[in-house]
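Participant: So that you have it, the file is entry.txt, and it contains compact mmCIF, C-alpha atoms:
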# COMPACT_ATOMS: atom_id res chain seq x y z
CA MET A 1 2.95 -50.26 8.91
CA ILE A 2 5.84 -47.92 9.30
CA GLN A 3 8.52 -49.09 11.69
CA SER A 4 10.42 -46.40 13.56
CA THR A 5 14.07 -46.66 12.71
CA PRO A 6 16.21 -46.67 15.84
CA GLY A 7 19.14 -45.12 13.97
CA GLN A 8 17.35 -41.82 13.26
CA PRO A 9 15.90 -40.41 16.45
CA ALA A 10 16.46 -36.84 15.22
CA SER A 11 13.89 -37.22 12.45
CA GLN A 12 11.10 -37.74 14.96
CA VAL A 13 8.83 -35.00 16.18
CA PRO A 14 8.44 -35.29 19.97
CA VAL A 15 4.87 -35.92 21.15
CA LEU A 16 4.34 -34.81 24.75
CA ALA A 17 1.47 -35.96 26.94
CA LEU A 18 -0.04 -33.35 29.29
CA GLY A 19 -2.80 -35.09 31.23
CA ASP A 20 -5.24 -36.24 28.58
CA VAL A 21 -3.88 -33.89 25.91
CA LEU A 22 -1.10 -34.60 23.42
CA LEU A 23 1.17 -31.65 22.61
CA VAL A 24 3.13 -31.62 19.37
CA SER A 25 5.47 -28.72 18.61
CA LEU A 26 6.58 -28.50 15.01
CA GLN A 27 9.89 -26.75 14.34
CA GLY A 28 11.22 -25.73 10.93
CA GLU A 29 10.55 -27.99 7.99
CA LEU A 30 8.63 -31.24 8.17
CA HIS A 31 9.78 -33.88 5.69
CA ASP A 32 7.53 -36.51 4.15
CA GLY A 33 8.96 -39.32 6.33
CA MET A 34 8.66 -37.26 9.50
CA ALA A 35 5.06 -36.36 8.69
CA GLU A 36 4.04 -39.98 8.22
CA GLN A 37 5.91 -40.95 11.39
CA LEU A 38 4.12 -38.17 13.31
CA GLN A 39 0.68 -39.27 12.06
CA HIS A 40 1.48 -42.82 13.11
CA ASP A 41 2.78 -41.74 16.56
CA ILE A 42 -0.27 -39.61 17.30
CA THR A 43 -2.83 -42.22 16.29
CA SER A 44 -1.12 -44.98 18.28
CA ARG A 45 -0.83 -42.73 21.35
CA ILE A 46 -4.52 -41.82 21.11
CA SER A 47 -5.58 -45.45 20.85
CA THR A 48 -3.33 -46.72 23.66
CA SER A 49 -3.97 -43.99 26.23
CA ARG A 50 -6.91 -41.89 27.35
CA VAL A 51 -6.28 -38.90 25.09
CA THR A 52 -9.16 -36.51 24.38
CA GLY A 53 -7.32 -33.68 22.67
CA VAL A 54 -4.34 -32.97 20.43
CA VAL A 55 -2.64 -29.58 20.27
CA ILE A 56 -0.31 -28.94 17.32
CA ASP A 57 1.87 -25.89 17.89
CA ILE A 58 3.17 -24.40 14.64
CA SER A 59 4.60 -21.15 16.03
CA GLY A 60 8.05 -22.35 14.99
CA VAL A 61 7.03 -23.00 11.40
CA ASP A 62 7.88 -20.38 8.78
CA ILE A 63 6.17 -21.96 5.78
CA VAL A 64 3.04 -24.10 5.63
CA ASP A 65 2.69 -25.51 2.13
CA SER A 66 -0.10 -27.65 0.66
CA PHE A 67 1.70 -30.80 1.85
CA LEU A 68 1.88 -29.74 5.49
CA GLY A 69 -1.65 -28.38 5.26
CA ARG A 70 -2.90 -31.78 4.09
CA VAL A 71 -0.91 -33.61 6.80
CA LEU A 72 -2.44 -31.38 9.50
CA ALA A 73 -5.96 -31.92 8.12
CA GLU A 74 -5.35 -35.69 8.01
CA ILE A 75 -4.10 -35.77 11.60
CA ALA A 76 -7.22 -33.86 12.67
CA SER A 77 -9.65 -36.17 10.88
CA THR A 78 -7.86 -39.33 12.06
CA ALA A 79 -7.93 -38.02 15.64
CA ARG A 80 -11.64 -37.23 15.29
CA LEU A 81 -12.29 -40.84 14.29
CA LEU A 82 -10.56 -41.85 17.53
CA ALA A 83 -12.71 -39.39 19.52
CA ALA A 84 -10.02 -36.79 20.12
CA ARG A 85 -10.22 -33.11 19.13
CA THR A 86 -7.32 -31.39 17.37
CA VAL A 87 -6.46 -27.72 17.78
CA LEU A 88 -3.90 -25.97 15.60
CA ALA A 89 -2.13 -23.30 17.65
CA GLY A 90 0.24 -20.41 17.12
CA MET A 91 0.09 -19.78 13.40
CA ARG A 92 2.07 -16.69 12.45
CA PRO A 93 0.37 -13.83 10.55
CA ALA A 94 2.67 -14.25 7.53
CA VAL A 95 1.89 -17.99 7.38
CA ALA A 96 -1.86 -17.30 7.60
CA ILE A 97 -1.67 -14.79 4.75
CA THR A 98 0.30 -17.19 2.55
CA LEU A 99 -2.15 -20.03 3.22
CA VAL A 100 -5.15 -17.84 2.39
CA GLU A 101 -3.51 -16.56 -0.78
CA LEU A 102 -2.91 -20.17 -1.80
CA GLY A 103 -6.59 -20.93 -1.12
CA LEU A 104 -5.73 -23.35 1.72
CA THR A 105 -8.12 -22.24 4.44
CA LEU A 106 -7.97 -25.58 6.33
CA PRO A 107 -11.76 -25.66 6.89
CA GLY A 108 -11.89 -28.75 9.10
CA LEU A 109 -9.34 -27.52 11.63
CA VAL A 110 -9.99 -25.76 14.92
CA THR A 111 -7.45 -23.00 15.50
CA ALA A 112 -6.18 -21.06 18.52
CA LEU A 113 -3.86 -18.12 19.04
CA ASP A 114 -1.32 -20.05 21.12
CA VAL A 115 -0.92 -23.28 23.11
CA ASP A 116 -2.43 -21.67 26.19
CA ARG A 117 -5.62 -20.78 24.36
CA ALA A 118 -5.71 -24.21 22.70
CA MET A 119 -5.61 -25.96 26.10
CA GLU A 120 -8.34 -23.62 27.33
CA LEU A 121 -10.45 -24.44 24.28
CA LEU A 122 -10.06 -28.19 24.82
CA SER A 123 -10.95 -28.01 28.51
CA GLN A 124 -14.03 -25.85 27.74
CA ARG A 125 -15.39 -28.26 25.16
CA GLY A 126 -14.48 -31.27 27.23
CA SER A 127 -16.59 -30.14 30.18
CA MET B 1 22.95 46.69 -34.50
CA THR B 2 25.14 44.34 -36.54
CA VAL B 3 26.56 40.95 -35.91
CA PRO B 4 30.37 40.93 -35.73
CA GLU B 5 32.07 39.25 -38.66
CA GLN B 6 33.66 36.36 -36.70
CA ASP B 7 30.21 35.18 -35.60
CA ALA B 8 29.47 33.99 -39.10
CA ALA B 9 31.73 31.01 -38.46
CA GLU B 10 29.80 30.02 -35.33
CA SER B 11 26.84 27.70 -35.37
CA ALA B 12 23.35 29.07 -34.73
CA PRO B 13 23.07 27.67 -31.17
CA GLN B 14 26.37 29.31 -30.23
CA VAL B 15 25.20 32.63 -31.62
CA VAL B 16 22.01 32.24 -29.57
CA SER B 17 24.06 31.40 -26.48
CA THR B 18 26.32 34.45 -26.74
CA PHE B 19 23.28 36.60 -27.52
CA LEU B 20 21.47 35.34 -24.41
CA GLU B 21 24.54 35.92 -22.25
CA ARG B 22 25.05 39.45 -23.59
CA ARG B 23 21.43 40.60 -23.46
CA LYS B 24 20.63 38.81 -20.17
CA GLU B 25 19.75 42.02 -18.35
CA GLN B 26 17.35 43.28 -21.04
CA ILE B 27 15.62 39.91 -21.46
CA ALA B 28 15.23 39.58 -17.70
CA GLN B 29 13.72 43.08 -17.50
CA ARG B 30 11.14 42.19 -20.15
CA TRP B 31 10.33 38.75 -18.72
CA ALA B 32 9.87 40.14 -15.23
CA ASP B 33 6.73 41.86 -16.51
CA ALA B 34 5.36 38.69 -18.08
CA PRO B 35 2.43 37.08 -16.16
CA LEU B 36 4.43 33.97 -15.21
CA PHE B 37 7.13 35.82 -13.24
CA ARG B 38 5.01 38.77 -12.14
CA THR B 39 2.40 36.60 -10.44
CA VAL B 40 4.92 34.30 -8.75
CA PHE B 41 7.36 36.92 -7.43
CA THR B 42 4.86 39.37 -6.04
CA VAL B 43 7.09 40.73 -3.28
CA SER B 44 9.68 42.60 -5.29
CA ARG B 45 10.44 43.09 -8.97
CA ASP B 46 14.16 42.63 -8.33
CA GLU B 47 13.50 39.09 -7.19
CA ALA B 48 11.62 38.39 -10.43
CA VAL B 49 14.51 39.85 -12.44
CA GLU B 50 17.00 37.61 -10.59
CA ALA B 51 14.84 34.55 -11.29
CA CYS B 52 14.61 35.51 -14.97
CA LYS B 53 18.38 35.90 -15.15
CA ALA B 54 18.85 32.41 -13.76
CA VAL B 55 16.56 31.00 -16.45
CA VAL B 56 18.36 32.95 -19.20
CA GLU B 57 21.74 31.67 -17.96
CA ALA B 58 20.44 28.11 -18.01
CA LEU B 59 19.15 28.58 -21.57
CA SER B 60 22.50 29.98 -22.64
CA GLU B 61 24.29 26.99 -21.13
CA VAL B 62 21.97 24.57 -22.93
CA ALA B 63 22.52 26.44 -26.20
CA VAL B 64 26.31 26.11 -25.83
CA SER B 65 25.98 22.36 -25.34
CA GLY B 66 24.01 22.25 -28.60
CA ARG B 67 21.28 20.02 -27.13
CA LEU B 68 18.49 22.41 -28.05
CA GLU B 69 15.72 19.83 -27.99
CA ASP B 70 16.92 17.74 -25.06
CA ILE B 71 14.87 18.34 -21.90
CA GLU B 72 17.42 16.25 -19.98
CA ALA B 73 20.23 18.70 -20.92
CA PRO B 74 22.41 19.34 -17.84
CA GLY B 75 21.99 23.11 -18.31
CA PHE B 76 18.39 22.91 -17.08
CA ALA B 77 19.35 21.17 -13.84
CA SER B 78 20.21 24.45 -12.10
CA VAL B 79 16.76 25.97 -12.67
CA ARG B 80 14.57 22.90 -12.24
CA ASP B 81 14.03 23.61 -8.54
CA GLN B 82 13.11 27.19 -9.25
CA LEU B 83 10.78 26.22 -12.10
CA GLY B 84 9.20 23.60 -9.86
CA ARG B 85 8.48 26.18 -7.18
CA MET B 86 7.05 28.56 -9.79
CA THR B 87 4.71 25.98 -11.32
CA ALA B 88 3.66 24.86 -7.82
CA THR B 89 2.73 28.46 -6.96
CA ARG B 90 0.78 28.83 -10.21
CA SER B 91 -1.02 25.50 -9.63
CA ARG B 92 -2.01 26.53 -6.14
CA SER B 93 -3.55 29.75 -7.46
CA GLY B 94 -5.71 27.63 -9.75
CA SER B 95 -3.86 27.53 -13.10
CA THR B 96 -4.15 24.39 -15.17
CA PRO B 97 -0.96 22.90 -16.67
CA ALA B 98 -2.11 24.13 -20.10
CA GLN B 99 -2.39 27.70 -18.79
CA ILE B 100 1.09 27.50 -17.27
CA ALA B 101 2.43 26.23 -20.60
CA ASP B 102 0.79 29.18 -22.35
CA GLU B 103 2.42 31.58 -19.91
CA VAL B 104 5.80 30.06 -20.69
CA ALA B 105 5.07 30.36 -24.42
CA VAL B 106 4.49 34.12 -23.98
CA LEU B 107 8.16 34.49 -22.89
CA ARG B 108 9.30 33.56 -26.41
CA VAL B 109 8.06 36.73 -28.16
CA PRO B 110 10.22 39.37 -26.40
CA VAL B 111 13.40 37.33 -26.60
CA VAL B 112 12.95 36.52 -30.32
CA ASP B 113 12.22 40.21 -31.00
CA LEU B 114 15.49 41.12 -29.28
CA LEU B 115 17.37 38.56 -31.35
CA ARG B 116 15.96 39.94 -34.60
CA GLU B 117 17.21 43.41 -33.62
CA GLU B 118 20.73 41.96 -33.49
CA PHE B 119 20.72 41.40 -37.23
CA ALA B 120 20.88 44.16 -39.83
CA ASP B 121 18.51 42.22 -42.05
CA PRO B 122 16.03 40.09 -40.04
CA ALA B 123 14.98 38.29 -43.23
CA ALA B 124 18.50 37.01 -44.00
CA PRO B 125 18.91 33.19 -43.87
CA ARG B 126 21.45 33.53 -41.06
CA ALA B 127 19.02 35.52 -38.91
CA GLN B 128 16.20 33.09 -39.67
CA GLU B 129 18.40 30.19 -38.62
CA CYS B 130 19.27 31.80 -35.29
CA ALA B 131 15.64 32.71 -34.65
CA LEU B 132 14.65 29.13 -35.33
CA ALA B 133 17.30 27.84 -32.91
CA LEU B 134 16.04 30.21 -30.22
CA THR B 135 12.43 29.19 -30.87
CA LEU B 136 13.42 25.55 -30.48
CA LEU B 137 15.16 26.36 -27.22
CA MET B 138 12.12 28.19 -25.86
CA GLY B 139 9.95 25.23 -26.85
CA THR B 140 12.22 22.95 -24.87
CA LEU B 141 11.98 25.29 -21.87
CA ARG B 142 8.22 24.97 -22.10
CA LEU B 143 8.53 21.18 -22.06
CA VAL B 144 10.86 21.32 -19.06
CA VAL B 145 8.34 23.44 -17.17
CA MET B 146 5.55 21.00 -18.04
CA GLU B 147 7.70 18.06 -16.98
CA THR B 148 8.53 19.60 -13.60
CA ALA B 149 4.87 20.39 -13.06
CA LEU B 150 3.85 16.79 -13.86
CA ASN B 151 6.64 15.32 -11.73
CA ALA B 152 5.60 17.46 -8.79
CA ASN B 153 2.03 16.21 -9.24
CA ALA B 154 3.13 12.58 -9.46
CA GLU B 155 5.19 12.96 -6.26
CA LEU B 156 2.22 14.52 -4.50
CA ILE B 157 -0.07 11.67 -5.59
CA GLU B 158 2.43 9.02 -4.48
CA ARG B 159 2.86 10.70 -1.08
CA GLN B 160 -0.89 10.97 -0.58
CA ARG B 161 -1.37 7.32 -1.59
CA GLN B 162 1.15 6.29 1.07
CA GLN B 163 -0.60 8.45 3.65
CA LEU B 164 -3.95 6.92 2.71
CA LEU B 165 -2.55 3.42 3.16
CA GLU B 166 -1.23 4.29 6.60
CA VAL B 167 -4.10 6.42 7.82
CA ALA B 168 -7.12 4.60 6.43
CA THR B 169 -6.65 1.26 8.17
CA PRO B 170 -6.48 1.68 11.93
CA VAL B 171 -7.04 -1.40 14.09
CA ILE B 172 -8.96 -0.44 17.21
CA LYS B 173 -9.13 -2.38 20.44
CA LEU B 174 -12.81 -2.29 21.39
CA TRP B 175 -12.62 -4.48 24.45
CA GLU B 176 -10.30 -6.93 26.09
CA GLY B 177 -9.82 -9.56 23.39
CA THR B 178 -11.86 -7.76 20.74
CA VAL B 179 -10.37 -5.71 17.91
CA ALA B 180 -12.12 -3.89 15.07
CA VAL B 181 -11.12 -2.42 11.68
CA PRO B 182 -13.49 0.25 10.36
CA LEU B 183 -12.96 0.11 6.59
CA ILE B 184 -13.57 3.36 4.74
CA GLY B 185 -13.45 3.88 0.97
CA MET B 186 -12.81 1.50 -1.89
CA LEU B 187 -10.93 -1.69 -1.12
CA ASP B 188 -8.30 -2.67 -3.66
CA SER B 189 -5.75 -5.45 -3.51
CA ALA B 190 -3.00 -3.30 -1.99
CA ARG B 191 -5.25 -1.89 0.71
CA SER B 192 -6.85 -5.18 1.62
CA GLN B 193 -3.37 -6.65 1.97
CA VAL B 194 -2.46 -3.89 4.44
CA VAL B 195 -5.76 -4.40 6.28
CA MET B 196 -5.13 -8.15 6.56
CA GLU B 197 -1.57 -7.70 7.79
CA SER B 198 -2.42 -5.06 10.39
CA LEU B 199 -5.44 -7.02 11.61
CA LEU B 200 -3.43 -10.22 12.07
CA GLU B 201 -0.63 -8.32 13.84
CA ALA B 202 -3.23 -6.76 16.14
CA ILE B 203 -4.75 -10.18 16.89
CA VAL B 204 -1.35 -11.42 18.05
CA GLU B 205 -0.54 -8.22 19.96
CA GLN B 206 -3.90 -7.89 21.74
CA ARG B 207 -4.39 -11.65 22.06
CA ALA B 208 -7.80 -11.09 20.50
CA ARG B 209 -10.44 -13.79 20.21
CA TYR B 210 -12.81 -11.68 18.14
CA ALA B 211 -12.05 -9.44 15.17
CA ILE B 212 -14.70 -7.17 13.67
CA LEU B 213 -14.49 -5.93 10.07
CA ASP B 214 -16.83 -2.97 9.76
CA ILE B 215 -17.63 -2.10 6.13
CA THR B 216 -20.08 0.75 6.79
CA GLY B 217 -17.71 3.11 4.93
CA VAL B 218 -17.20 0.88 1.89
CA PRO B 219 -19.26 2.39 -0.95
CA THR B 220 -19.62 -0.69 -3.17
CA VAL B 221 -19.02 -4.37 -2.76
CA ASP B 222 -18.20 -6.38 -5.88
CA SER B 223 -16.92 -9.92 -6.19
CA LEU B 224 -13.32 -8.74 -5.75
CA VAL B 225 -14.04 -6.90 -2.50
CA ALA B 226 -16.06 -9.86 -1.25
CA GLN B 227 -13.12 -12.12 -2.03
CA HIS B 228 -10.78 -9.84 -0.07
CA LEU B 229 -13.19 -9.91 2.88
CA MET B 230 -13.41 -13.69 2.82
CA LYS B 231 -9.62 -13.99 2.66
CA THR B 232 -9.25 -11.73 5.69
CA VAL B 233 -11.89 -13.71 7.58
CA ALA B 234 -10.16 -17.00 6.71
CA ALA B 235 -6.73 -15.69 7.75
CA ALA B 236 -8.10 -14.43 11.07
CA ARG B 237 -9.68 -17.83 11.65
CA LEU B 238 -6.34 -19.56 10.98
CA MET B 239 -4.87 -17.34 13.71
CA GLY B 240 -7.51 -18.65 16.10
CA ALA B 241 -9.73 -15.56 16.14
CA GLU B 242 -13.36 -15.40 15.09
CA CYS B 243 -14.07 -12.74 12.50
CA ILE B 244 -17.35 -10.82 12.27
CA VAL B 245 -18.29 -8.65 9.29
CA SER B 246 -20.57 -5.78 10.23
CA GLY B 247 -22.17 -2.76 8.59
CA ILE B 248 -23.45 -4.33 5.37
CA ARG B 249 -26.05 -1.85 4.13
CA PRO B 250 -29.32 -3.11 2.59
CA ALA B 251 -28.33 -2.02 -0.93
CA ILE B 252 -24.99 -3.80 -0.61
CA ALA B 253 -26.64 -6.92 0.77
CA GLN B 254 -28.88 -6.97 -2.32
CA THR B 255 -25.90 -6.55 -4.63
CA ILE B 256 -24.06 -9.41 -2.92
CA VAL B 257 -27.07 -11.69 -3.33
CA GLN B 258 -27.60 -10.65 -6.96
CA LEU B 259 -23.94 -11.27 -7.78
CA GLY B 260 -24.31 -14.75 -6.33
CA ILE B 261 -21.41 -14.29 -3.89
CA ASP B 262 -21.58 -16.85 -1.11
CA LEU B 263 -20.80 -15.20 2.22
CA GLY B 264 -22.39 -18.13 4.04
CA SER B 265 -19.17 -19.03 5.83
CA VAL B 266 -18.81 -15.48 7.15
CA LEU B 267 -20.43 -14.40 10.38
CA THR B 268 -22.29 -11.11 9.82
CA ARG B 269 -24.00 -8.55 12.02
CA SER B 270 -25.89 -5.49 10.85
CA SER B 271 -23.94 -2.89 12.81
CA LEU B 272 -20.67 -2.53 14.67
CA ALA B 273 -22.64 -2.32 17.93
CA ASP B 274 -24.35 -5.65 17.22
CA ALA B 275 -21.01 -7.24 16.36
CA LEU B 276 -19.50 -5.97 19.62
CA ALA B 277 -22.52 -7.22 21.56
CA TYR B 278 -22.08 -10.65 19.97
CA ALA B 279 -18.34 -10.72 20.77
CA LEU B 280 -19.00 -9.68 24.36
CA SER B 281 -21.78 -12.21 24.94
CA ARG B 282 -19.60 -15.00 23.52
CA GLN B 283 -16.95 -14.06 26.08
CA GLY B 284 -19.54 -14.14 28.85
CA ILE B 285 -19.48 -10.38 29.35
CA GLU B 286 -22.81 -8.73 30.03
CA VAL B 287 -23.37 -5.00 29.64
CA SER B 288 -26.31 -3.49 31.47
CA ARG B 289 -27.46 -0.10 32.71
CA ALA B 290 -26.08 0.84 36.10
CA ASP B 291 -29.51 2.03 37.29
CA ALA B 292 -31.35 -1.10 36.06
CA GLY B 293 -31.44 -2.52 39.56
CA ALA B 294 -32.67 0.77 41.02
CA SER B 295 -35.61 1.15 38.64
CA ALA B 296 -36.70 -2.46 39.15
CA ARG B 297 -37.08 -1.81 42.84
Step by step, read the file and then write its structure as structure tokens.
Facilitator:
Amino acid sequence: MIQSTPGQPASQVPVLALGDVLLVSLQGELHDGMAEQLQHDITSRISTSRVTGVVIDISGVDIVDSFLGRVLAEIASTARLLAARTVLAGMRPAVAITLVELGLTLPGLVTALDVDRAMELLSQRGS
Amino acid sequence: MTVPEQDAAESAPQVVSTFLERRKEQIAQRWADAPLFRTVFTVSRDEAVEACKAVVEALSEVAVSGRLEDIEAPGFASVRDQLGRMTATRSRSGSTPAQIADEVAVLRVPVVDLLREEFADPAAPRAQECALALTLLMGTLRLVVMETALNANAELIERQRQQLLEVATPVIKLWEGTVAVPLIGMLDSARSQVVMESLLEAIVEQRARYAILDITGVPTVDSLVAQHLMKTVAAARLMGAECIVSGIRPAIAQTIVQLGIDLGSVLTRSSLADALAYALSRQGIEVSRADAGASAR
């Protein structure tokens, strides 16, 4: 198990709870340690509270490489195991083009234009 | 007519240069009647004579510099514009580059004849040398004309290619939240890149949920085009929009199947109208005739 180090609060990605949805907003680069920490945070939050959806906002991310792509796919499949749906929101056109050119089409992920649409999507499917 | 004694010390190109400068008027008068100048400067003969003089002056300048075979010689710079306009006019009236080159070649005969008259004995080695230098110079002029003609063509092609890129890929808003790209003509890598970029920008701008790629105007679909389509569909999906490919004609559908391209992951509809109907029904919008209620009565 990964223990969160109290000395480095800046390396954590904040996970916000909005009702029964978790909102994660990624900004800039995501390092290996941060990614693992985020995965751990999300899964523990899902299991301890009544969370039915996870929205990951990547509108502040300039580059999505194969590493981040894999992390996102892993978060989505872990959340699915815990009965929560994951929606990836706010990908920029340039990021989408780069991902497609790299052959990373993230097939298992549900996507939305922005956080607003992602919340809408989750509430539709939830009902 | 005899060549002055001091000219014997000069090199052949210099002799040619002074000859061109001295006989400019006569050469221009003869050239003005040649097909190349006569057909371009149809308004007045004086204009043709002036244009000829400019060319003769340029030739003289090149001869002085001694770079008889160099098409980059600075002497030609002053007449390049004029030559470009002339070749453009000839091209527009239907002349091929080879015909234009022939017309330039015709200019050589009168000027070489004039040069021969300068010498008492046209068969003398000195006269032959000068004639050869002049012939070389006229050959270079021909090359310069060809080069300007080709450059003008290349510029035209580049400009048209740019226009095609801009014009041929409009993104149309069909309905609230639905955008469409009608693709027309062959899809290559550069064009499909532009299509993808403009489609994704439009999805963000219009906050579109559905994007329709209509390929009615695409003549052939090979594995490369199919790959471009699938990339565009995947990119649109990453942006959170659903992409529909419409307008696949029966022949193209057969080709795709025979090539073994798997478009299974792509949502397809037979026509743009069907694709729009699908997008509307998915958004819960129903389109019906206004008089439907009246006739049911």
Participant: Write out as number ranges by chain every residue belonging to chain B that has an atom at most 12 Å from any atom of chain A, counting only C-alpha atoms.
Facilitator: B: 177, 189, 192-210, 227-242, 265
Participant: What is the distance, in Å and to one decimal place, between CA of Ile56 (chain A) and CA of Ala35 (chain A)?
Facilitator: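 Here the two named atoms are 12.6 Å from each other.
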Participant: Using CA of Val221 (chain B) and CA of Ala279 (chain B) as the two end points, give the distance in Å to one decimal.
Facilitator: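 Atom-to-atom, CA of Val221 (chain B) and CA of Ala279 (chain B) are spaced 24.4 Å apart.
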Participant: For CA of Thr148 (chain B) and CA of Ala133 (chain B), quote the distance in Å rounded to one decimal.
Facilitator: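 Interatomic distance, CA of Thr148 (chain B) to CA of Ala133 (chain B): 22.8 Å.
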Participant: In terms of the shortest atom-to-atom distance over all atoms listed in the file, which of B:Lys173, B:Arg161, B:Arg249, B:Arg38 is closest to Met86 (chain B)?
Facilitator: B:Arg38
Participant: Within 12 Å of His40 (chain A), counting all atoms listed in the file, which residues qualify if same-chain residues fewer than 2 places away don't, as a PyMOL selection string?
Facilitator: chain A and resi 1-4+12-13+15+33-38+42-47+71+74-75+78-79
Participant: Considering only C-alpha atoms, can you say which of B:Leu267, B:Ser95, B:Ser17, B:Val79 comes closest to Cys243 (chain B)?
Facilitator: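 Once distances to Cys243 (chain B) are computed over only C-alpha atoms, the minimum belongs to B:Leu267.
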Participant: List the spatial neighbours of Val245 (chain B) as number ranges by chain - criterion: any atom at most 6 Å away, all atoms listed in the file, same-chain residues fewer than 4 positions off excluded.
Facilitator: B: 212-214, 268
Participant: Using the selection just defined, write its residues with C-alpha atoms as an mmCIF file, in the frame of the given file.
Facilitator:
data_model
loop_
_atom_site.group_PDB
_atom_site.id
_atom_site.type_symbol
_atom_site.label_atom_id
_atom_site.label_comp_id
_atom_site.auth_asym_id
_atom_site.auth_seq_id
_atom_site.Cartn_x
_atom_site.Cartn_y
_atom_site.Cartn_z
ATOM 1 C CA ILE B 212 -14.700 -7.170 13.670
ATOM 2 C CA LEU B 213 -14.490 -5.930 10.070
ATOM 3 C CA ASP B 214 -16.830 -2.970 9.760
ATOM 4 C CA THR B 268 -22.290 -11.110 9.820
#
Participant: Find the spatial neighbours of region 18-23 of chain A, counting all atoms listed in the file, within a cut-off of 7 Å - ignore same-chain residues fewer than 2 positions away - and output them as a list in words.
Facilitator: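 Returned residues: Val15, Leu16, Ser25, Arg50, Val51, Thr52, Gly53, Val54, Val55 and Ile56 of chain A.
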Participant: Ranking A:Asp41, A:Ser77, A:Ser49, A:Glu29 by minimum distance to Val61 (chain A) and counting only C-alpha atoms, which one comes first?
Facilitator: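 Counting only C-alpha atoms, the residue closest to Val61 (chain A) is A:Glu29.
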Participant: Taking all atoms listed in the file into account, which of B:Ile215, B:Ala253, B:Leu83, B:Val64 comes nearest Met146 (chain B)?
Facilitator: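 Counting all atoms listed in the file, the residue closest to Met146 (chain B) is B:Leu83.
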